[in-house]
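Structure first, then comments.
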Amino acid sequence: MLLSGYDPVMYSRMLTGLTLAFHIIFATIGVGVPLMIALAEWIGIKRGDDHYLLLARRWARGFVITVAVGVVTGTAIGLQLSLLWPTFMRVAGQSIALPLFMETFAFFFEAIFLGIYLYTWERFKKRTTHLLLLIPVVLGSSASACFITIVNAFMNAPAGIKVEGGRIVDISPFGAMLSPAMPTKVSHVLVTAYVTCAFVLAAIAAWSLLKGRDHVYYKKALKLTMTSAFVFILASAVIGDLSGKYLAKYQPEKLAAMEWHFDTTKQAPLVLGGILTDDNEIKYGLKIPFALSILAHGLPNAEVTGLNDIPEDEHPPLFIHYLFDLKMAFVAVMVVVSGAFMLLLYRKRDAVFRNKWLLRGIILAAPLAMATIEHGWIFSEIGRQPWLLRGIMRTSEGATTSEHVDTMLVVFALLYVVLGISAVTVLIRMFRSNRAEDEIAAKGFKGGDER
């Protein structure tokens with residue numbers, strides 16, 4: 001053991017959290033990038049523009065590297081579910097077996113067609129035939145995210161089961177998949193993955209333009225990615241509103257904790273920032289009148305349940321308020337950056353690609369987008385505490401009693417360091433030694449305008 005006072009529950013949570021935090025980077029890329037590749041190739045075929053086709057091809061090359069790392073970390077998650085949370089798997093395993101199996105099937109479906117897609121760029125007379133091979137990749141990656149998110153949705157709002165004596169009986173696998181949390185969680189995961197990948201790919205183009213590589217290829221890349229980011233971030237705002245209404249109905253303790261809402265009241269305000277005192281008074285916070293009632297129920301006079309009406313031993317940690325505020329601050333930056341880009345693109349088409357402050361903002365938005373994904377999952381999981389399976393099993397009841405979880409934590413942490421450094425090194429060398437301009441010049445691609 002590494003430290004005295006060994007607590008297997010604490011180390012199990014740390015290791016699971018570390019694995020999820022690392023995996024979510026590659027899982028997000030795995031969901032969002034195939035869609036961006038499909039958009040680029042579709043536009044390239046429609047316009048007869050080789051620049052967009054090259055975009056799709058280069059993005060696909062990098063995507064393969066991230067898929068390889070995602071396979072390793074995804075396998076680690078499956079392994080750790082059984083090793084670190086054996087009681088949970090024994091109790092709830094049959095309820096989540098179907099989505100776990102379908103997630104694996106969706107991944108293999110994606111991987112098979114990805115291999116075919118990568119090696120058939122020049123094999124078809126009709127370019128649309130090659131594009132059609134990408135559709136199963138897009139569907140498979142998104143389906144994989146859907147099914148694993150369904151497992152998490154079940155943990156937040158168990159459905160399709162009956163509980164007798166602390167045991168789950170009369171399991172309906174499809175009923176378990178149709179948890180009340182499923183619609184908002186699945187849609188939120190998908191759309192935010194699309195937003196994040198759009199910003200990451202936009203940052204690459206913005207960096208190139210900022211470094212003086214004033215080629216039409218990068219301008220087209222930036223226009224495609226930032227337009228996509230703007231559309232997807234608007235969609236995420238709608239889903240975020242629906243998520244608030246889900247929490248008010250099914251997980252009121254999480255909503256109340258994230259807004260420091262203690263007394264059940266009508267016309268409840270939404271709190272931004274602030275400091276919570278020992279007697280649960282909010283100092284320095286900005287209260288927006290009626291906003292929490294509107295978020296929770298769509299009406300300014302609606303009643304919102306407070307933490308004082310929920311048993312104290314079921315209260316989530318109150319620091320999730322800061323997590324939520326930080327996440328929304330990141331979202332605000334992304335909204336401003338994408339909105340500014342679209343406005344300047346509409347008013348001053350070519351100037352938008354020379355605006356250094358905007359290009360810097362796009363570069364900043366990319367890591368903030370990924371940080372928002374990380375914060376979202378941390379907020380979701382901590383906000384469910386003290387439950388591992390809400391209302392049925394507490395986190396402390398589902399963990400292993402093994403005495404070696406701390407050793408596993410060190411081993412997996414080292415593995416993730418090696419994987420992370422290796423992936424970044426390979427990607428940098430792959431694209432630094434083969435610049436887009438050089439590839440365009442060598443092949444004499446068409447498509448010189450800036451549409």
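Letters for chains follow the order of the structure tokens (A, B, ...), residue numbers begin at 1 for each chain, and ligand numbers begin at 1 in the order shown.
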
With only C-alpha atoms as the counted atoms, please give the residues lying no more than 10 Å from Thr192 (chain A), apart from itself and same-chain residues fewer than 5 positions off, as a ChimeraX atom specification. /A:28,31-32,187,197-198,229,232-233,235-237,239,369-370,372-373,376

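The shortest atom-to-atom distance to Met226 (chain A), with only C-alpha atoms taken into account, belongs to A:Leu358 out of A:Ser141, A:Val151, A:Leu358, A:Val418.
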
Go through A:Leu242, A:Leu368, A:Val91, A:Leu272 and flag the residue nearest Val163 (chain A), using only C-alpha atoms for the distances.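 For Val163 (chain A), the nearest of the candidates is A:Val91.
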
Region 336-345 of chain A: which residues within 8 Å, counting only C-alpha atoms, same-chain residues fewer than 4 positions away excluded, as an MDAnalysis selection string? chainID A and resid 226:227 229:230 332 349:352 358 361:362 365

Once you have the residues from the selection above, write them out as a PDB file, in the first residue's frame, restricted to C-alpha atoms.
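Output (selection39.pdb):
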ATOM      1  CA  MET A 226     -16.498  27.272 -36.880  1.00  0.00           C
ATOM      2  CA  THR A 227     -19.835  27.201 -38.680  1.00  0.00           C
ATOM      3  CA  ALA A 229     -19.327  24.766 -33.831  1.00  0.00           C
ATOM      4  CA  PHE A 230     -21.833  27.624 -33.900  1.00  0.00           C
ATOM      5  CA  ALA A 332     -19.861  31.518 -22.513  1.00  0.00           C
ATOM      6  CA  ARG A 349     -15.840  37.819 -45.230  1.00  0.00           C
ATOM      7  CA  ASP A 350     -12.080  37.827 -45.832  1.00  0.00           C
ATOM      8  CA  ALA A 351     -11.154  39.976 -42.823  1.00  0.00           C
ATOM      9  CA  VAL A 352     -12.306  37.277 -40.441  1.00  0.00           C
ATOM     10  CA  LEU A 358     -10.369  36.203 -33.089  1.00  0.00           C
ATOM     11  CA  GLY A 361      -9.870  33.255 -29.233  1.00  0.00           C
ATOM     12  CA  ILE A 362     -10.566  30.192 -31.403  1.00  0.00           C
ATOM     13  CA  ALA A 365     -11.768  27.881 -27.139  1.00  0.00           C
TER      14      ALA A 365
END

Polymer residues at most 12 Å from Leu414 (chain A), only C-alpha atoms, same-chain spacing of 6 or more positions, as a PyMOL selection string: chain A and resi 15+18-19+22+407-408+420-421

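The list of residues with at least one atom within 10 Å of Arg167 (chain A), based on only C-alpha atoms and without residues fewer than 4 positions apart in the same chain, reads Arg90, Val91, Ala92, Ile161, Lys162, Val163, Ile392 and Met393 of chain A.
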
Could you give me, as a PyMOL selection string, each residue of region 218-419 of chain A that DSSP assigns to helix (DSSP H, G or I) when run on this structure's backbone? chain A and resi 218-250+252-258+291-297+307-309+312-314+320-347+351-353+356-383+395-398+405-419

Top pick for closest residue to Ala329 (chain A), considering A:Gly273, A:Lys220, A:Ile96, A:Glu122 and counting only C-alpha atoms: A:Gly273

Closest of A:Gly175, A:Pro269, A:Pro367, A:Gly306 to Pro289 (chain A), counting only C-alpha atoms, is A:Pro269

With distances taken over only C-alpha atoms, which residue among A:Ala366, A:Leu98, A:Ala193, A:Leu132 lies nearest Ile171 (chain A)?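 When distances to Ile171 (chain A) are compared using only C-alpha atoms, the smallest one comes from A:Leu98.
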
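Note that the spacing between CA of Tyr217 (chain A) and CA of Phe63 (chain A) amounts to 19.0 Å.
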
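If you measure from each of A:Thr196, A:Gln251, A:Ser95, A:Ser402 to Glu314 (chain A) using only C-alpha atoms, the closest one turns out to be A:Gln251.
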
Contacts of Thr401 (chain A) at 12 Å or less, counting only C-alpha atoms, minus same-chain residues fewer than 6 places along, as JSON, numbers by chain? {"A": [6, 7, 8, 9, 10, 11, 12, 83, 84, 85, 86, 87]}

What does the distance between CA of Met155 (chain A) and CA of Arg390 (chain A) come to in Å, to one decimal place?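 Taking CA of Met155 (chain A) as the start and CA of Arg390 (chain A) as the end point, the length is 6.1 Å.
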
Asn152 (chain A): which residues within 9 Å, counting only C-alpha atoms, same-chain residues fewer than 4 positions away excluded, as a PyMOL selection string? chain A and resi 148+156-157+181-182+185

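For the pair CA of Met334 (chain A) and CA of Gly240 (chain A), the separation is 14.8 Å.
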